[in-house]
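Visitor: My structure file start.cif, mmCIF, C-alpha atoms, is below:
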```
data_query
loop_
_atom_site.label_atom_id
_atom_site.label_comp_id
_atom_site.auth_asym_id
_atom_site.auth_seq_id
_atom_site.Cartn_x
_atom_site.Cartn_y
_atom_site.Cartn_z
CA MET A 1 0.00 0.00 0.00
CA ALA A 2 1.22 3.51 -0.78
CA LYS A 3 2.76 5.44 2.12
CA LYS A 4 1.71 9.03 2.84
CA LEU A 5 4.50 11.11 4.30
CA GLY A 6 3.71 12.30 7.79
CA LYS A 7 1.07 9.63 8.44
CA VAL A 8 3.40 6.67 8.88
CA LYS A 9 4.59 5.82 12.38
CA LYS A 10 8.29 6.39 11.84
CA PRO A 11 9.19 3.13 10.09
CA SER A 12 12.80 2.05 10.13
CA VAL A 13 14.76 3.53 7.25
CA LYS A 14 16.32 0.12 6.64
CA LYS A 15 12.88 -1.16 5.65
CA PHE A 16 13.01 1.04 2.54
CA GLU A 17 16.71 0.85 1.65
CA LYS A 18 16.20 -1.78 -1.06
CA GLY A 19 13.81 -1.80 -3.97
CA ARG A 20 12.41 0.76 -6.38
CA LYS A 21 10.77 3.83 -4.88
CA LEU A 22 8.61 6.61 -6.29
CA PHE A 23 8.06 9.99 -4.65
CA PHE A 24 4.64 11.27 -5.76
CA VAL A 25 4.22 15.06 -5.69
CA THR A 26 0.80 16.53 -6.41
CA LEU A 27 0.88 18.94 -9.35
CA ILE A 28 -1.25 22.02 -8.74
CA PHE A 29 -1.64 24.85 -11.23
CA SER A 30 -2.18 28.39 -10.03
CA LEU A 31 -4.37 30.95 -11.78
CA GLU A 32 -3.07 33.17 -14.57
CA GLU A 33 -3.27 36.21 -12.29
CA PRO A 34 -3.47 34.75 -8.76
CA GLU A 35 -4.74 36.75 -5.85
CA PRO A 36 -2.09 37.53 -3.19
CA GLU A 37 -3.58 34.98 -0.79
CA LEU A 38 -3.41 32.19 -3.38
CA LYS A 39 0.12 33.11 -4.44
CA GLU A 40 1.24 32.95 -0.82
CA LEU A 41 -0.38 29.54 -0.36
CA MET A 42 1.14 28.19 -3.57
CA ASP A 43 4.61 29.40 -2.59
CA LYS A 44 4.11 27.83 0.83
CA TYR A 45 3.03 24.53 -0.71
CA TRP A 46 6.00 24.19 -3.05
CA GLN A 47 8.40 25.22 -0.29
CA GLN A 48 7.02 22.48 1.94
CA VAL A 49 7.30 19.99 -0.91
CA ARG A 50 10.99 20.90 -1.31
CA GLU A 51 11.55 20.45 2.41
CA GLN A 52 9.84 17.07 2.58
CA LEU A 53 11.54 15.87 -0.58
CA GLY A 54 14.92 16.89 0.87
CA ASN A 55 14.06 15.04 4.07
CA LEU A 56 13.23 11.87 2.16
CA GLU A 57 16.37 12.09 0.05
CA GLY A 58 18.44 12.59 3.20
CA LYS A 59 17.01 9.43 4.78
CA LEU A 60 16.92 7.23 1.69
CA SER A 61 18.88 8.50 -1.30
CA ARG A 62 18.77 11.10 -4.05
CA VAL A 63 16.23 11.01 -6.84
CA ASN A 64 17.57 9.20 -9.91
CA LYS A 65 14.72 9.66 -12.39
CA VAL A 66 12.24 12.50 -12.85
CA TYR A 67 8.80 12.15 -14.47
CA HIS A 68 6.41 15.07 -15.02
CA GLU A 69 2.84 14.90 -16.23
CA LEU A 70 1.93 16.63 -19.53
CA ILE A 71 5.53 16.49 -20.80
CA SER A 72 6.25 14.43 -23.91
CA ASP A 73 9.64 15.89 -24.89
CA THR A 74 13.07 14.62 -23.87
CA GLY A 75 16.12 16.37 -22.44
CA GLU A 76 16.33 20.15 -22.71
CA GLU A 77 13.12 20.32 -24.77
CA GLY A 78 11.27 18.60 -21.94
CA VAL A 79 12.63 21.07 -19.39
CA LYS A 80 11.71 23.96 -21.71
CA ALA A 81 8.16 22.63 -22.03
CA MET A 82 7.94 22.49 -18.25
CA ASP A 83 9.10 26.13 -18.05
CA GLU A 84 6.35 27.16 -20.46
CA MET A 85 3.83 25.31 -18.29
CA ASP A 86 4.83 27.70 -15.49
CA ALA A 87 4.07 25.31 -12.64
CA GLY A 88 5.73 25.59 -9.24
CA SER A 89 7.20 22.14 -9.77
CA LYS A 90 9.82 23.36 -12.23
CA GLN A 91 12.27 24.51 -9.54
CA ILE A 92 11.98 21.16 -7.79
CA VAL A 93 12.63 19.27 -11.02
CA LYS A 94 15.56 21.51 -11.92
CA GLY A 95 17.02 20.92 -8.46
CA CYS A 96 16.89 17.16 -9.03
CA LEU A 97 18.51 17.52 -12.45
CA GLU A 98 21.32 19.60 -10.94
CA ARG A 99 21.93 16.64 -8.63
CA ASN A 100 22.38 14.42 -11.71
CA ALA A 101 18.88 12.97 -11.95
CA GLU A 102 17.65 11.98 -15.42
CA PHE A 103 14.52 13.56 -16.93
CA HIS A 104 12.26 11.08 -18.76
CA PRO A 105 9.27 12.10 -20.91
CA LEU A 106 6.15 10.61 -19.37
CA GLU A 107 3.63 11.14 -22.13
CA ASP A 108 3.10 9.91 -25.68
CA ARG A 109 2.68 13.07 -27.76
CA ASP A 110 -0.30 11.93 -29.86
CA MET A 111 -2.04 10.32 -26.91
CA LEU A 112 -1.56 13.46 -24.80
CA ARG A 113 -3.01 15.70 -27.52
CA GLU A 114 -6.06 13.47 -27.86
CA PHE A 115 -6.52 13.44 -24.08
CA ILE A 116 -6.35 17.25 -23.91
CA ASP A 117 -8.78 17.67 -26.81
CA TRP A 118 -11.41 15.37 -25.31
CA ASN A 119 -10.95 17.02 -21.92
CA GLN A 120 -11.55 20.46 -23.49
CA CYS A 121 -14.68 19.16 -25.22
CA ILE A 122 -16.10 18.02 -21.88
CA SER A 123 -15.20 21.23 -20.09
CA VAL A 124 -17.11 23.58 -22.44
CA GLY A 125 -20.41 22.78 -20.72
CA LEU A 126 -22.37 20.50 -23.03
CA LEU A 127 -26.18 20.69 -23.04
CA SER A 128 -26.96 17.29 -24.51
CA LYS A 129 -26.47 14.24 -22.25
CA LYS A 130 -26.21 12.07 -25.36
CA VAL A 131 -23.33 14.17 -26.70
CA PHE A 132 -21.68 14.27 -23.27
CA ASP A 133 -21.89 10.49 -22.87
CA HIS A 134 -20.46 10.00 -26.36
CA ILE A 135 -17.51 12.33 -25.74
CA ASN A 136 -16.95 11.01 -22.21
CA LYS A 137 -16.65 7.48 -23.58
CA PHE A 138 -13.74 8.51 -25.80
CA TYR A 139 -12.23 10.57 -22.96
CA GLU A 140 -12.25 7.59 -20.58
CA GLU A 141 -10.78 5.31 -23.24
CA ILE A 142 -7.82 7.60 -23.97
CA GLN A 143 -7.32 8.29 -20.27
CA LYS A 144 -7.05 4.55 -19.59
CA LYS A 145 -4.52 4.12 -22.43
CA ARG A 146 -2.57 7.14 -21.20
CA GLN A 147 -2.38 5.84 -17.64
CA GLU A 148 -1.21 2.44 -18.86
CA HIS A 149 1.47 4.17 -20.94
CA ILE A 150 2.66 6.21 -17.95
CA ALA A 151 2.88 3.10 -15.75
CA ARG A 152 4.85 1.33 -18.47
CA ILE A 153 7.32 4.21 -18.90
CA ILE A 154 8.03 4.27 -15.18
CA ASP A 155 8.39 0.49 -15.03
CA GLU A 156 10.79 0.41 -17.99
CA THR A 157 13.03 3.29 -16.90
CA LEU A 158 13.14 3.04 -13.09
CA LYS A 159 15.83 0.47 -12.38
CA SER A 160 16.50 -1.71 -9.35
CA ASP A 161 16.94 0.28 -6.10
CA GLU A 162 16.46 3.61 -7.93
CA ILE A 163 14.25 6.45 -6.76
CA GLY A 164 11.90 8.29 -9.10
CA LEU A 165 10.11 11.60 -8.66
CA LEU A 166 6.64 11.73 -10.22
CA VAL A 167 4.89 15.11 -10.47
CA MET A 168 1.25 14.58 -11.36
CA ARG A 169 -2.22 15.85 -10.58
CA GLU A 170 -4.40 14.03 -8.06
CA GLY A 171 -7.10 11.68 -9.23
CA CYS A 172 -4.93 9.48 -11.41
CA ASP A 173 -5.80 5.80 -11.35
CA ILE A 174 -2.40 4.48 -12.35
CA GLN A 175 -1.60 0.92 -11.36
CA PHE A 176 2.08 1.09 -10.44
CA PRO A 177 4.14 -2.12 -10.58
CA PRO A 178 3.76 -3.97 -7.24
CA ASP A 179 7.49 -3.86 -6.47
CA ILE A 180 7.56 -0.03 -6.49
CA GLN A 181 7.09 1.62 -3.08
CA VAL A 182 5.11 4.84 -3.56
CA PHE A 183 5.56 7.72 -1.10
CA TYR A 184 2.99 10.52 -1.34
CA ILE A 185 4.50 13.88 -0.43
CA ALA A 186 1.53 15.71 1.05
CA PRO A 187 2.58 18.71 3.18
CA PRO A 188 0.01 20.60 5.29
CA ALA A 189 -0.24 23.45 2.76
CA LEU A 190 -1.77 21.06 0.22
CA ASP A 191 -5.07 21.05 2.12
CA GLU A 192 -4.90 24.83 2.50
CA VAL A 193 -4.56 25.25 -1.27
CA LYS A 194 -7.43 22.85 -1.94
CA GLN A 195 -9.66 24.70 0.52
CA TRP A 196 -8.89 28.03 -1.17
CA PHE A 197 -9.85 26.69 -4.59
CA MET A 198 -13.04 25.09 -3.23
CA LYS A 199 -14.02 28.28 -1.40
CA ASN A 200 -13.52 30.31 -4.58
CA ARG A 201 -15.09 27.65 -6.80
CA TYR A 202 -12.06 26.89 -8.91
CA SER A 203 -10.64 23.53 -9.89
CA TYR A 204 -7.11 23.21 -8.50
CA GLY A 205 -6.18 20.41 -10.90
CA GLU A 206 -6.67 22.34 -14.12
#
```
Reformat the file's structure so that it appears as structure tokens.
Guide:
Amino acid sequence: MAKKLGKVKKPSVKKFEKGRKLFFVTLIFSLEEPEPELKELMDKYWQQVREQLGNLEGKLSRVNKVYHELISDTGEEGVKAMDEMDAGSKQIVKGCLERNAEFHPLEDRDMLREFIDWNQCISVGLLSKKVFDHINKFYEEIQKKRQEHIARIIDETLKSDEIGLLVMREGCDIQFPPDIQVFYIAPPALDEVKQWFMKNRYSYGE
């Protein structure tokens, strides 16, 4: 079962020394022009993520592989695409790369484009249930294929005893290989950010 940081009763570090591990960081997008309160919460969240990630690396080992949702490019192009996304995760990823971690593209380009297109179709506010059901069927099909692809990429690239960092939005239903220990990095500010978005009727995952 996946472990959530801060909710485990101080297990022995030796228990996790061997085997493949994956640090899961929740990807949250801010607004184009965030209010001061939201900006402060977002900065607080990513700072706490950096602190908890550093704590985990100090106890276990440094991150070897980095995976980021919505990125289909390799190397410098992948990092550039992440910059253009303008998510708070980019500084965390760059920090891992500076410590010699490898950046691996997580998405198939064509599959990602289809997923985004169907998602945009659903989000426009359809009036017809028949049309919605039809579009939702294709959306769920491509989402399932996409999640299977992501699981396969991680399985193929994360080697024995390596640690991967996965930055991805909540709500994914990815079936990770059973030999990978997943650690969810969920600092206190994550709930504060969620509450702000709910109070202001925004979706924090978009």
Visitor: If you apply the PyMOL selection byres ((chain A and resi 31-48) around 10) to this file, what residues do you get, as a PyMOL selection string?
Guide: chain A and resi 25-30+49-54+86-92+185-194+196-197+202-204+206
Visitor: Evaluate the PyMOL selection byres ((chain A and resi 19) around 8) and record the selected residues as a PDB file with C-alpha atoms, in the frame of the given file, following the chain and residue labels used in the document.
Guide:
```pdb
ATOM      1  CA  PHE A  16      13.010   1.040   2.540  1.00  0.00           C
ATOM      2  CA  GLU A  17      16.710   0.850   1.650  1.00  0.00           C
ATOM      3  CA  LYS A  18      16.200  -1.780  -1.060  1.00  0.00           C
ATOM      4  CA  ARG A  20      12.410   0.760  -6.380  1.00  0.00           C
ATOM      5  CA  LYS A  21      10.770   3.830  -4.880  1.00  0.00           C
ATOM      6  CA  SER A 160      16.500  -1.710  -9.350  1.00  0.00           C
ATOM      7  CA  ASP A 161      16.940   0.280  -6.100  1.00  0.00           C
ATOM      8  CA  GLU A 162      16.460   3.610  -7.930  1.00  0.00           C
ATOM      9  CA  ASP A 179       7.490  -3.860  -6.470  1.00  0.00           C
ATOM     10  CA  ILE A 180       7.560  -0.030  -6.490  1.00  0.00           C
ATOM     11  CA  GLN A 181       7.090   1.620  -3.080  1.00  0.00           C
TER      12      GLN A 181
END
```
Visitor: Pull out every residue that the PyMOL selection byres ((chain A and resi 94) around 12) matches in the shown coordinates and put them as a ChimeraX atom specification.
Guide: /A:50,63,65-68,75-76,78-80,82-83,88-93,95-103,165
Visitor: Show me, as an MDAnalysis selection string, the residues that have an atom within 12 Å of Gln143 of chain A when counting only C-alpha atoms, minus same-chain residues fewer than 2 positions from it.
Guide: chainID A and resid 107:108 111:119 136:141 145:150 171:174
Visitor: Taking all atoms listed in the file into account, name the residue in A:Leu56, A:Ala81, A:Leu70, A:Met198 that is nearest to Phe24 of chain A.
Guide: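 Checking each of A:Leu56, A:Ala81, A:Leu70, A:Met198 against Phe24 of chain A, counting all atoms listed in the file, the winner is A:Leu56.
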Visitor: Kindly give the distance, in Å, that separates atom CA of Leu106 of chain A and atom CA of Cys121 of chain A, rounded to a single decimal.
Guide: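 Computed distance, atom CA of Leu106 of chain A to atom CA of Cys121 of chain A, equals 23.3 Å.
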Visitor: One decimal, Å: what's the distance from atom CA of Glu170 of chain A over to atom CA of Gln195 of chain A, could you say?
Guide: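 Taking atom CA of Glu170 of chain A and atom CA of Gln195 of chain A, their separation equals 14.7 Å.
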Visitor: In Å, rounded to a single decimal, give me how far atom CA of Met85 of chain A is from atom CA of Thr157 of chain A.
Guide: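 About the pair atom CA of Thr157 of chain A and atom CA of Met85 of chain A: they are 23.9 Å apart.
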Visitor: Taking all atoms listed in the file into account, name the residue in A:Lys59, A:Val131, A:Ile153, A:Gln120 that is nearest to Ser72 of chain A.
Guide: A:Ile153
Visitor: Taking all atoms listed in the file into account, which of A:Leu22, A:Ile163, A:Ile142, A:Leu126 comes nearest Arg62 of chain A?
Guide: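 Selected residue with least distance to Arg62 of chain A: A:Ile163.
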